[in-house]
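Structure below is query.cif: mmCIF, C-alpha atoms.
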```cif
data_work
#
loop_
_atom_site.label_atom_id
_atom_site.label_comp_id
_atom_site.auth_asym_id
_atom_site.auth_seq_id
_atom_site.Cartn_x
_atom_site.Cartn_y
_atom_site.Cartn_z
CA MET A 1 10.34 30.63 170.82
CA LYS A 2 9.24 28.34 167.97
CA THR A 3 12.00 29.75 165.73
CA LEU A 4 14.63 29.04 168.38
CA LEU A 5 13.29 25.48 168.80
CA LEU A 6 13.44 24.75 165.06
CA LEU A 7 16.92 26.25 164.83
CA ALA A 8 18.10 24.09 167.73
CA LEU A 9 16.68 20.97 166.09
CA LEU A 10 18.38 21.75 162.78
CA LEU A 11 21.74 22.48 164.43
CA ALA A 12 21.58 19.39 166.66
CA ALA A 13 20.76 17.06 163.74
CA PRO A 14 23.52 14.95 162.16
CA VAL A 15 25.42 16.25 159.17
CA GLN A 16 24.28 13.41 156.91
CA ALA A 17 21.22 14.44 154.86
CA ASP A 18 18.43 12.32 153.43
CA ARG A 19 16.08 13.08 150.59
CA ILE A 20 12.48 13.37 151.67
CA LYS A 21 11.48 10.77 149.07
CA ASP A 22 13.74 8.23 150.82
CA ILE A 23 12.17 8.61 154.27
CA ALA A 24 8.54 9.50 153.47
CA ARG A 25 5.70 8.73 151.05
CA TYR A 26 2.78 10.80 149.83
CA ALA A 27 -0.57 9.75 151.25
CA GLY A 28 -2.96 8.34 148.66
CA PRO A 29 -0.88 6.62 145.97
CA ARG A 30 -0.30 2.95 146.83
CA SER A 31 -0.22 -0.45 145.20
CA ASN A 32 -3.19 -2.83 145.38
CA GLN A 33 -3.04 -6.61 145.69
CA LEU A 34 -4.75 -8.75 143.06
CA THR A 35 -5.52 -12.46 143.23
CA GLY A 36 -7.00 -15.01 140.88
CA TYR A 37 -7.50 -18.70 140.16
CA GLY A 38 -6.26 -20.27 136.94
CA LEU A 39 -5.14 -23.36 135.06
CA VAL A 40 -1.60 -24.16 133.93
CA VAL A 41 -1.25 -26.61 131.04
CA GLY A 42 1.67 -28.16 129.17
CA LEU A 43 3.33 -29.74 132.19
CA ALA A 44 5.56 -32.76 131.58
CA GLY A 45 3.71 -35.23 133.77
CA GLY A 46 3.93 -33.18 136.95
CA GLY A 47 0.30 -32.11 137.15
CA ASP A 48 -2.54 -32.57 139.62
CA GLU A 49 -3.54 -36.15 138.79
CA ASN A 50 -7.32 -36.61 139.17
CA LEU A 51 -8.32 -33.76 141.48
CA GLU A 52 -12.00 -32.94 141.12
CA TYR A 53 -11.65 -29.16 140.98
CA THR A 54 -8.88 -29.41 138.38
CA VAL A 55 -11.11 -31.65 136.24
CA GLN A 56 -13.87 -29.06 136.56
CA SER A 57 -11.44 -26.27 135.55
CA ILE A 58 -10.36 -28.18 132.43
CA LYS A 59 -13.98 -28.84 131.41
CA SER A 60 -14.82 -25.14 131.91
CA ALA A 61 -11.81 -24.05 129.85
CA ALA A 62 -12.75 -26.50 127.08
CA ALA A 63 -16.36 -25.32 127.14
CA ARG A 64 -15.25 -21.70 126.59
CA MET A 65 -13.48 -22.91 123.45
CA GLY A 66 -16.63 -24.67 122.22
CA VAL A 67 -15.39 -28.16 123.10
CA ALA A 68 -17.78 -30.38 125.09
CA LEU A 69 -16.00 -33.21 126.89
CA PRO A 70 -17.99 -36.46 127.21
CA PHE A 71 -20.04 -36.72 130.39
CA GLY A 72 -18.49 -38.93 133.05
CA VAL A 73 -15.09 -38.97 131.35
CA ALA A 74 -12.29 -37.45 133.45
CA PRO A 75 -9.44 -36.08 131.35
CA GLY A 76 -5.88 -37.01 132.29
CA LEU A 77 -4.39 -34.37 134.56
CA LYS A 78 -0.71 -35.17 134.51
CA ASN A 79 -0.11 -32.22 132.19
CA ALA A 80 -2.38 -29.66 133.95
CA ALA A 81 -2.51 -28.01 137.36
CA ALA A 82 -4.82 -25.67 139.26
CA VAL A 83 -2.95 -22.55 140.44
CA MET A 84 -3.41 -19.39 142.46
CA ILE A 85 -2.23 -16.16 140.87
CA THR A 86 -1.07 -13.03 142.72
CA ALA A 87 0.07 -9.62 141.50
CA ASP A 88 0.60 -6.06 142.73
CA LEU A 89 -1.20 -3.32 140.80
CA PRO A 90 1.03 -0.21 141.03
CA ALA A 91 -0.38 3.20 141.81
CA PHE A 92 -1.52 5.17 138.74
CA ALA A 93 -1.45 2.01 136.54
CA LYS A 94 -3.46 2.60 133.36
CA PRO A 95 -5.41 0.16 131.18
CA GLY A 96 -3.12 -1.58 128.70
CA GLN A 97 -0.03 -1.50 130.92
CA ARG A 98 1.64 -4.80 131.83
CA ILE A 99 2.44 -6.07 135.33
CA ASP A 100 4.30 -9.14 136.66
CA VAL A 101 2.40 -12.05 138.16
CA THR A 102 3.34 -14.93 140.47
CA VAL A 103 1.78 -18.36 139.94
CA SER A 104 1.69 -21.02 142.69
CA ALA A 105 0.42 -24.60 142.57
CA PHE A 106 -2.91 -25.10 144.32
CA GLY A 107 -3.14 -28.90 144.37
CA LYS A 108 -0.83 -31.89 143.96
CA ALA A 109 1.32 -30.58 141.11
CA LYS A 110 4.99 -31.53 141.53
CA SER A 111 6.36 -28.87 139.18
CA LEU A 112 5.11 -25.98 137.03
CA ARG A 113 8.24 -25.94 134.91
CA GLY A 114 7.47 -25.54 131.22
CA GLY A 115 3.79 -24.75 131.83
CA THR A 116 1.58 -22.08 130.29
CA LEU A 117 -1.07 -20.17 132.22
CA LEU A 118 -4.42 -19.92 130.45
CA MET A 119 -6.15 -16.53 130.56
CA ALA A 120 -7.33 -15.83 134.11
CA PRO A 121 -8.97 -12.74 135.67
CA LEU A 122 -7.30 -11.00 138.62
CA ALA A 123 -9.59 -9.31 141.12
CA GLY A 124 -9.05 -6.81 143.90
CA ALA A 125 -10.39 -6.80 147.45
CA ASP A 126 -13.65 -5.28 146.18
CA GLY A 127 -14.25 -8.26 143.88
CA GLU A 128 -13.83 -6.21 140.68
CA ILE A 129 -11.55 -7.49 137.91
CA TYR A 130 -8.56 -5.20 137.31
CA ALA A 131 -6.26 -7.33 135.14
CA LEU A 132 -6.09 -10.43 132.95
CA ALA A 133 -3.13 -12.82 133.24
CA GLN A 134 -1.74 -15.27 130.70
CA GLY A 135 1.64 -16.53 129.49
CA SER A 136 4.53 -18.96 129.87
CA LEU A 137 5.95 -19.50 133.35
CA ALA A 138 9.55 -18.92 134.34
CA VAL A 139 10.33 -21.44 137.11
CA ALA A 140 13.71 -21.33 138.86
CA GLY A 141 13.32 -24.60 140.78
CA PHE A 142 13.27 -28.14 139.49
CA GLY A 143 12.83 -31.64 140.86
CA ALA A 144 13.87 -35.17 139.90
CA GLU A 145 12.49 -38.46 141.17
CA GLY A 146 13.73 -42.04 140.80
CA LYS A 147 11.69 -45.23 140.48
CA ASP A 148 12.79 -46.32 143.95
CA GLY A 149 11.13 -43.26 145.50
CA SER A 150 14.29 -41.18 145.93
CA LYS A 151 13.93 -37.58 144.83
CA MET A 152 15.76 -34.28 144.76
CA VAL A 153 14.18 -30.82 144.77
CA VAL A 154 16.06 -27.56 144.10
CA ASN A 155 14.41 -24.28 145.14
CA THR A 156 10.60 -24.33 144.65
CA PRO A 157 9.41 -25.88 141.37
CA THR A 158 5.75 -25.34 142.27
CA THR A 159 6.02 -21.53 142.06
CA GLY A 160 6.83 -19.46 138.97
CA ARG A 161 6.61 -15.94 137.59
CA ILE A 162 5.40 -14.44 134.35
CA PRO A 163 7.18 -11.13 133.66
CA ASN A 164 4.66 -8.67 132.21
CA GLY A 165 2.20 -11.53 132.38
CA ALA A 166 -0.95 -9.51 133.08
CA SER A 167 -2.62 -6.67 131.24
CA VAL A 168 -4.29 -3.94 133.30
CA GLU A 169 -7.97 -3.61 132.40
CA ARG A 170 -9.21 -1.06 134.93
CA GLU A 171 -7.73 2.01 136.63
CA VAL A 172 -7.97 2.42 140.39
CA ALA A 173 -9.30 5.79 141.55
CA ASN A 174 -6.62 7.74 143.41
CA PRO A 175 -7.19 10.69 145.78
CA PHE A 176 -3.76 12.22 145.09
CA ALA A 177 -5.15 14.95 142.80
CA SER A 178 -8.03 15.94 145.11
CA GLY A 179 -8.10 18.40 147.98
CA ASP A 180 -6.07 21.53 148.67
CA SER A 181 -3.08 19.88 150.36
CA LEU A 182 -0.55 17.07 150.11
CA THR A 183 0.29 14.83 153.05
CA LEU A 184 3.69 13.21 153.53
CA ASN A 185 3.79 10.13 155.77
CA LEU A 186 7.14 9.17 157.30
CA ASN A 187 8.30 5.57 156.93
CA ASP A 188 9.16 5.61 160.64
CA SER A 189 7.26 7.92 162.94
CA ASP A 190 9.42 10.48 164.72
CA TYR A 191 8.42 13.88 166.15
CA THR A 192 11.82 15.41 165.48
CA THR A 193 11.97 14.29 161.84
CA ALA A 194 8.41 15.52 161.20
CA THR A 195 9.26 18.93 162.69
CA VAL A 196 12.51 19.20 160.73
CA MET A 197 10.76 18.18 157.49
CA ALA A 198 8.07 20.84 157.92
CA ALA A 199 10.76 23.46 158.63
CA ALA A 200 12.74 22.45 155.53
CA VAL A 201 9.66 22.67 153.28
CA ASN A 202 8.76 26.10 154.67
CA ALA A 203 12.33 27.30 154.19
CA ALA A 204 12.24 26.19 150.54
CA LEU A 205 8.73 27.38 149.67
CA GLY A 206 8.40 30.34 152.02
CA GLY A 207 5.57 31.10 154.39
CA GLY A 208 3.84 28.56 156.59
CA ARG A 209 2.73 26.16 153.87
CA ALA A 210 3.87 23.05 155.73
CA ALA A 211 2.98 21.88 159.22
CA ALA A 212 3.59 18.68 161.16
CA VAL A 213 0.25 17.02 161.90
CA ASP A 214 1.71 14.36 164.23
CA ALA A 215 4.82 12.19 164.55
CA MET A 216 4.01 10.50 161.22
CA SER A 217 2.54 13.15 158.90
CA VAL A 218 3.38 16.55 157.45
CA ARG A 219 0.69 18.45 155.55
CA VAL A 220 1.65 20.90 152.77
CA SER A 221 -0.71 23.34 151.05
CA ALA A 222 -0.91 22.50 147.34
CA PRO A 223 -2.59 23.94 144.23
CA THR A 224 -5.56 22.16 142.68
CA ASP A 225 -4.13 22.28 139.13
CA PRO A 226 -2.77 18.75 138.42
CA ALA A 227 0.38 19.93 136.60
CA ALA A 228 1.33 22.42 139.34
CA ARG A 229 0.49 19.84 142.01
CA ILE A 230 2.81 17.24 140.48
CA ALA A 231 5.60 19.80 140.05
CA LEU A 232 5.29 20.76 143.73
CA ALA A 233 5.34 17.11 144.81
CA SER A 234 8.48 16.50 142.74
CA PHE A 235 10.21 19.55 144.21
CA ILE A 236 9.40 18.62 147.81
CA GLU A 237 10.44 14.96 147.60
CA ASN A 238 13.92 15.95 146.35
CA LEU A 239 14.64 18.29 149.27
CA ASP A 240 17.44 17.18 151.62
CA ILE A 241 16.83 17.15 155.36
CA ALA A 242 18.82 15.96 158.37
CA ALA A 243 16.57 13.23 159.75
CA ALA A 244 16.61 12.57 163.48
CA VAL A 245 18.81 9.83 164.88
CA PRO A 246 16.64 6.75 165.49
CA PRO A 247 16.02 5.61 169.08
CA ALA A 248 18.49 3.28 170.73
CA ARG A 249 17.52 -0.24 169.81
CA ILE A 250 19.04 -3.75 169.83
CA VAL A 251 17.47 -6.27 167.44
CA VAL A 252 18.04 -9.98 167.99
CA ASN A 253 17.05 -12.68 165.51
CA ALA A 254 16.62 -15.68 167.78
CA ALA A 255 16.46 -18.13 164.85
CA THR A 256 19.75 -17.17 163.19
CA GLY A 257 21.63 -15.68 166.14
CA THR A 258 22.03 -12.36 164.31
CA ILE A 259 22.36 -9.34 166.60
CA VAL A 260 22.26 -5.71 165.43
CA ILE A 261 23.12 -2.99 167.96
CA GLY A 262 22.21 0.62 167.19
CA GLY A 263 24.75 3.39 167.55
CA ASN A 264 22.98 5.15 170.45
CA VAL A 265 22.96 2.19 172.84
CA ARG A 266 24.30 3.08 176.28
CA VAL A 267 24.93 0.98 179.38
CA LEU A 268 24.88 2.21 182.98
CA PRO A 269 27.67 1.22 185.43
CA THR A 270 27.37 -2.52 185.93
CA ALA A 271 29.41 -5.73 186.05
CA VAL A 272 28.81 -8.96 184.14
CA ALA A 273 30.29 -12.41 184.76
CA HIS A 274 30.05 -14.99 182.02
CA GLY A 275 30.99 -18.66 182.22
CA SER A 276 29.88 -22.01 180.90
CA LEU A 277 29.20 -25.35 182.55
CA THR A 278 30.04 -28.52 180.61
CA VAL A 279 28.75 -31.92 181.71
CA ARG A 280 30.26 -35.04 180.11
CA VAL A 281 28.79 -38.52 180.49
CA SER A 282 30.86 -41.46 179.17
CA GLU A 283 29.91 -45.11 178.99
CA ASN A 284 32.53 -47.90 179.02
CA ASP A 285 31.99 -51.64 178.86
CA GLY A 286 33.95 -53.69 181.44
CA VAL A 287 34.21 -57.43 182.08
CA SER A 288 33.49 -59.18 185.39
CA GLN A 289 35.74 -62.23 185.62
CA PRO A 290 34.95 -64.72 188.48
CA GLY A 291 37.71 -66.44 190.42
CA PRO A 292 39.09 -69.80 189.27
CA PHE A 293 37.10 -72.95 190.16
CA SER A 294 34.10 -70.81 191.20
CA ASN A 295 30.52 -71.08 190.05
CA GLY A 296 30.45 -67.50 188.74
CA ARG A 297 30.03 -66.48 185.09
CA THR A 298 31.90 -63.98 183.00
CA GLU A 299 29.62 -60.93 182.51
CA LYS A 300 29.86 -57.66 180.60
CA VAL A 301 29.41 -54.73 183.02
CA ALA A 302 28.54 -51.15 182.02
CA GLN A 303 30.70 -48.50 183.67
CA SER A 304 29.42 -44.90 183.65
CA ASN A 305 31.52 -41.83 184.34
CA VAL A 306 29.95 -38.38 184.89
CA ASP A 307 32.26 -35.36 184.88
CA ALA A 308 31.28 -31.70 185.20
CA THR A 309 33.64 -28.83 184.41
CA GLU A 310 32.95 -25.12 184.48
CA ALA A 311 34.95 -22.65 182.45
CA LYS A 312 36.44 -19.73 184.31
CA GLY A 313 34.03 -16.82 184.35
CA HIS A 314 35.47 -13.34 183.87
CA MET A 315 33.89 -10.34 185.54
CA GLN A 316 33.67 -7.43 183.09
CA VAL A 317 32.86 -3.93 184.31
CA PHE A 318 30.91 -1.55 182.07
CA ALA A 319 31.83 2.07 182.66
CA PRO A 320 29.15 4.79 182.88
CA GLY A 321 27.64 5.62 179.49
CA VAL A 322 29.65 3.01 177.64
CA ALA A 323 29.16 3.34 173.85
CA LEU A 324 28.56 0.77 171.10
CA SER A 325 32.20 0.00 170.35
CA ASP A 326 33.03 -0.38 174.05
CA LEU A 327 30.05 -2.67 174.57
CA VAL A 328 31.09 -4.92 171.69
CA ASP A 329 34.71 -5.04 172.88
CA ALA A 330 33.61 -5.90 176.42
CA VAL A 331 31.31 -8.71 175.28
CA ASN A 332 34.04 -10.11 173.02
CA ALA A 333 36.43 -10.06 175.97
CA LEU A 334 34.02 -12.34 177.81
CA GLY A 335 34.26 -14.82 174.94
CA ALA A 336 30.49 -14.85 174.44
CA ALA A 337 28.92 -16.57 171.47
CA PRO A 338 25.84 -14.98 169.82
CA GLY A 339 23.51 -17.10 171.95
CA ASP A 340 25.35 -16.09 175.12
CA LEU A 341 25.27 -12.45 174.06
CA VAL A 342 21.47 -12.56 173.93
CA ALA A 343 21.41 -13.81 177.53
CA ILE A 344 23.79 -11.03 178.59
CA LEU A 345 21.69 -8.34 176.89
CA GLU A 346 18.48 -9.68 178.44
CA ALA A 347 20.13 -9.69 181.87
CA LEU A 348 21.32 -6.10 181.39
CA LYS A 349 17.82 -5.04 180.36
CA THR A 350 16.25 -6.79 183.36
CA ALA A 351 18.78 -5.15 185.68
CA GLY A 352 17.83 -1.73 184.27
CA ALA A 353 21.39 -1.08 183.05
CA LEU A 354 20.64 -1.13 179.32
CA ARG A 355 19.50 2.17 177.88
CA ALA A 356 17.97 0.74 174.70
CA GLU A 357 14.93 -1.12 173.45
CA LEU A 358 15.60 -4.86 173.14
CA VAL A 359 13.64 -6.35 170.22
CA ILE A 360 13.68 -10.11 169.70
CA ILE A 361 12.27 -11.34 166.38
#
```
Show me this structure written as structure tokens.
Amino acid sequence: MKTLLLLALLLAAPVQADRIKDIARYAGPRSNQLTGYGLVVGLAGGGDENLEYTVQSIKSAAARMGVALPFGVAPGLKNAAAVMITADLPAFAKPGQRIDVTVSAFGKAKSLRGGTLLMAPLAGADGEIYALAQGSLAVAGFGAEGKDGSKMVVNTPTTGRIPNGASVEREVANPFASGDSLTLNLNDSDYTTATVMAAAVNAALGGGRAAAVDAMSVRVSAPTDPAARIALASFIENLDIAAAVPPARIVVNAATGTIVIGGNVRVLPTAVAHGSLTVRVSENDGVSQPGPFSNGRTEKVAQSNVDATEAKGHMQVFAPGVALSDLVDAVNALGAAPGDLVAILEALKTAGALRAELVII
């Protein structure tokens, strides 16, 4: 019975194949986020001015170099800025390797263009230091300001990057090489894809070495020898499988008006009428002229005109099981703009005629 089920799933799947490495990831290896606080110097007058914590940072940096600034004297801060530093530590990164860092202004700095980050430690969520960052910033944005207060800013001059700007100092322990199995986690959970993936691995390796744990994970028996384990992982991730067709879904970006309709969207028999009501209010100034030899005065009189017009609404009938292309053609025939289309889709969903998940982001 199980063999017939797996065969039916494989035969019913689409012809297009995907590599396992494109739809799943091995459990264990992952990147780790690092953060740090630092000081950028060498700015051309766009620094933090006299912020207390920036003054403290400069005094601390000078003290590490053996320079003691006079007590009570605040150094000029137009050429320095306090910054926050972020970086991603890749999986399996080893001490001595270089990673990119992003530097963002923390205080009042107007631009980090041309600045240099002084050596700063980068720590993980556990508080341990895993990398040291330092180097010249590459800033894409810039700003200009006139004496009259007018200014122009292009992109974001208060954020920059340092390619290979941090050196890894500590390796993160990784559980990939431990245990007697490897676990593949799908990027999008799906029972059918997990079942098909397990069947494909078993067909390639023989025996029942792979099994679907749930809709997200597939566990594969693996050797404990690191070299053999890596070779097996490489072989499995390059296998081609026919992933399941994703569920019917319509995604609407309310901010931009972008609408993406999946290929499996279906609509039950229904009818939709779409029209628009336009209200126009116009103001005209008239003149009230009294009769000759009267005591009246010439006055300016406001004249308002309110007019409402409604465009002709067209009733469009959706046939049973109408597909994506038919749905788009029908909505276009109604003359609906993206905003109107959202209202139509919401009405169809409320009426129970839309066989798809409506996601509004």
Next on the checklist: Once the PyMOL selection byres ((chain A and resi 161) around 8) is applied to the coordinates I shared, what remains selected? I want it as a ChimeraX atom specification.
Outcome noted: /A:100-103,137-139,159-160,162-163
Can you pull out the residues contacting Asp22 of chain A? Cut-off 10 Å, using all atoms listed in the file, and skip same-chain residues under 6 positions away; I want them as a PDB file with C-alpha atoms, in the coordinates of the input.
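File part-v5.pdb, as written:
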```pdb
ATOM      1  CA  LEU A 186       7.140   9.170 157.300  1.00  0.00           C
ATOM      2  CA  ASN A 187       8.300   5.570 156.930  1.00  0.00           C
ATOM      3  CA  GLU A 237      10.440  14.960 147.600  1.00  0.00           C
ATOM      4  CA  ASN A 238      13.920  15.950 146.350  1.00  0.00           C
ATOM      5  CA  ASP A 240      17.440  17.180 151.620  1.00  0.00           C
TER       6      ASP A 240
END
```
Next on the checklist: If the PyMOL selection byres ((chain A and resi 30) around 7) were run on this exact file, what residues would it hold? Put them as JSON, numbers by chain.
Outcome noted: {"A": [28, 29, 31, 32, 90, 91]}
Select all residues near (2.0, -31.3, 128.8) (cut-off 8 Å, inclusive, file coordinates), counting only C-alpha atoms, and output them as a short mmCIF file (atom, residue, chain, number, x, y, z; two decimals) with C-alpha atoms, keeping the file's coordinate frame.
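Output below, filename out.cif:
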```cif
data_model
loop_
_atom_site.label_atom_id
_atom_site.label_comp_id
_atom_site.auth_asym_id
_atom_site.auth_seq_id
_atom_site.Cartn_x
_atom_site.Cartn_y
_atom_site.Cartn_z
CA VAL A 41 -1.25 -26.61 131.04
CA GLY A 42 1.67 -28.16 129.17
CA LEU A 43 3.33 -29.74 132.19
CA ALA A 44 5.56 -32.76 131.58
CA GLY A 45 3.71 -35.23 133.77
CA LYS A 78 -0.71 -35.17 134.51
CA ASN A 79 -0.11 -32.22 132.19
CA ALA A 80 -2.38 -29.66 133.95
CA GLY A 115 3.79 -24.75 131.83
#
```
Next on the checklist: Taking the file as I've supplied it (selection: the PyMOL selection byres ((chain A and resi 125-130) around 7)), which residues are included? Please answer as JSON, numbers by chain.
Outcome noted: {"A": [121, 122, 123, 124, 131, 168, 169, 170]}
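Of note, atom CA of Gly352 of chain A and atom CA of Gly263 of chain A are spaced 18.8 Å apart.
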Please rebuild segment 256-268 of chain A with N, CA, C and O atoms and return the result as a PDB file, in the coordinates of the input.
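Here's the written file out32.pdb:
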```pdb
ATOM      1  N   THR A 256      18.443 -17.135 163.845  1.00  0.00           N
ATOM      2  CA  THR A 256      19.750 -17.170 163.190  1.00  0.00           C
ATOM      3  C   THR A 256      20.894 -16.750 164.104  1.00  0.00           C
ATOM      4  O   THR A 256      22.056 -16.930 163.752  1.00  0.00           O
ATOM      5  N   GLY A 257      20.572 -16.160 165.251  1.00  0.00           N
ATOM      6  CA  GLY A 257      21.630 -15.680 166.140  1.00  0.00           C
ATOM      7  C   GLY A 257      22.204 -14.343 165.732  1.00  0.00           C
ATOM      8  O   GLY A 257      23.208 -13.898 166.271  1.00  0.00           O
ATOM      9  N   THR A 258      21.551 -13.664 164.770  1.00  0.00           N
ATOM     10  CA  THR A 258      22.030 -12.360 164.310  1.00  0.00           C
ATOM     11  C   THR A 258      21.640 -11.280 165.311  1.00  0.00           C
ATOM     12  O   THR A 258      20.501 -11.228 165.771  1.00  0.00           O
ATOM     13  N   ILE A 259      22.601 -10.420 165.644  1.00  0.00           N
ATOM     14  CA  ILE A 259      22.360  -9.340 166.600  1.00  0.00           C
ATOM     15  C   ILE A 259      22.831  -8.021 165.983  1.00  0.00           C
ATOM     16  O   ILE A 259      23.966  -7.910 165.518  1.00  0.00           O
ATOM     17  N   VAL A 260      21.938  -7.037 165.955  1.00  0.00           N
ATOM     18  CA  VAL A 260      22.260  -5.710 165.430  1.00  0.00           C
ATOM     19  C   VAL A 260      22.073  -4.709 166.562  1.00  0.00           C
ATOM     20  O   VAL A 260      20.988  -4.609 167.149  1.00  0.00           O
ATOM     21  N   ILE A 261      23.139  -3.959 166.862  1.00  0.00           N
ATOM     22  CA  ILE A 261      23.120  -2.990 167.960  1.00  0.00           C
ATOM     23  C   ILE A 261      23.203  -1.594 167.362  1.00  0.00           C
ATOM     24  O   ILE A 261      24.125  -1.279 166.615  1.00  0.00           O
ATOM     25  N   GLY A 262      22.223  -0.747 167.679  1.00  0.00           N
ATOM     26  CA  GLY A 262      22.210   0.620 167.190  1.00  0.00           C
ATOM     27  C   GLY A 262      23.327   1.454 167.785  1.00  0.00           C
ATOM     28  O   GLY A 262      23.904   1.120 168.833  1.00  0.00           O
ATOM     29  N   GLY A 263      23.620   2.570 167.131  1.00  0.00           N
ATOM     30  CA  GLY A 263      24.750   3.390 167.550  1.00  0.00           C
ATOM     31  C   GLY A 263      24.523   4.174 168.828  1.00  0.00           C
ATOM     32  O   GLY A 263      25.473   4.649 169.432  1.00  0.00           O
ATOM     33  N   ASN A 264      23.260   4.339 169.265  1.00  0.00           N
ATOM     34  CA  ASN A 264      22.980   5.150 170.450  1.00  0.00           C
ATOM     35  C   ASN A 264      22.793   4.329 171.712  1.00  0.00           C
ATOM     36  O   ASN A 264      22.329   4.847 172.728  1.00  0.00           O
ATOM     37  N   VAL A 265      23.138   3.052 171.670  1.00  0.00           N
ATOM     38  CA  VAL A 265      22.960   2.190 172.840  1.00  0.00           C
ATOM     39  C   VAL A 265      23.958   2.597 173.926  1.00  0.00           C
ATOM     40  O   VAL A 265      25.149   2.780 173.662  1.00  0.00           O
ATOM     41  N   ARG A 266      23.461   2.740 175.126  1.00  0.00           N
ATOM     42  CA  ARG A 266      24.300   3.080 176.280  1.00  0.00           C
ATOM     43  C   ARG A 266      24.029   2.096 177.411  1.00  0.00           C
ATOM     44  O   ARG A 266      22.929   1.560 177.536  1.00  0.00           O
ATOM     45  N   VAL A 267      25.042   1.882 178.241  1.00  0.00           N
ATOM     46  CA  VAL A 267      24.930   0.980 179.380  1.00  0.00           C
ATOM     47  C   VAL A 267      25.354   1.723 180.639  1.00  0.00           C
ATOM     48  O   VAL A 267      26.393   2.392 180.650  1.00  0.00           O
ATOM     49  N   LEU A 268      24.539   1.592 181.704  1.00  0.00           N
ATOM     50  CA  LEU A 268      24.880   2.210 182.980  1.00  0.00           C
ATOM     51  C   LEU A 268      25.973   1.398 183.684  1.00  0.00           C
ATOM     52  O   LEU A 268      26.245   0.256 183.294  1.00  0.00           O
TER      53      LEU A 268
END
```
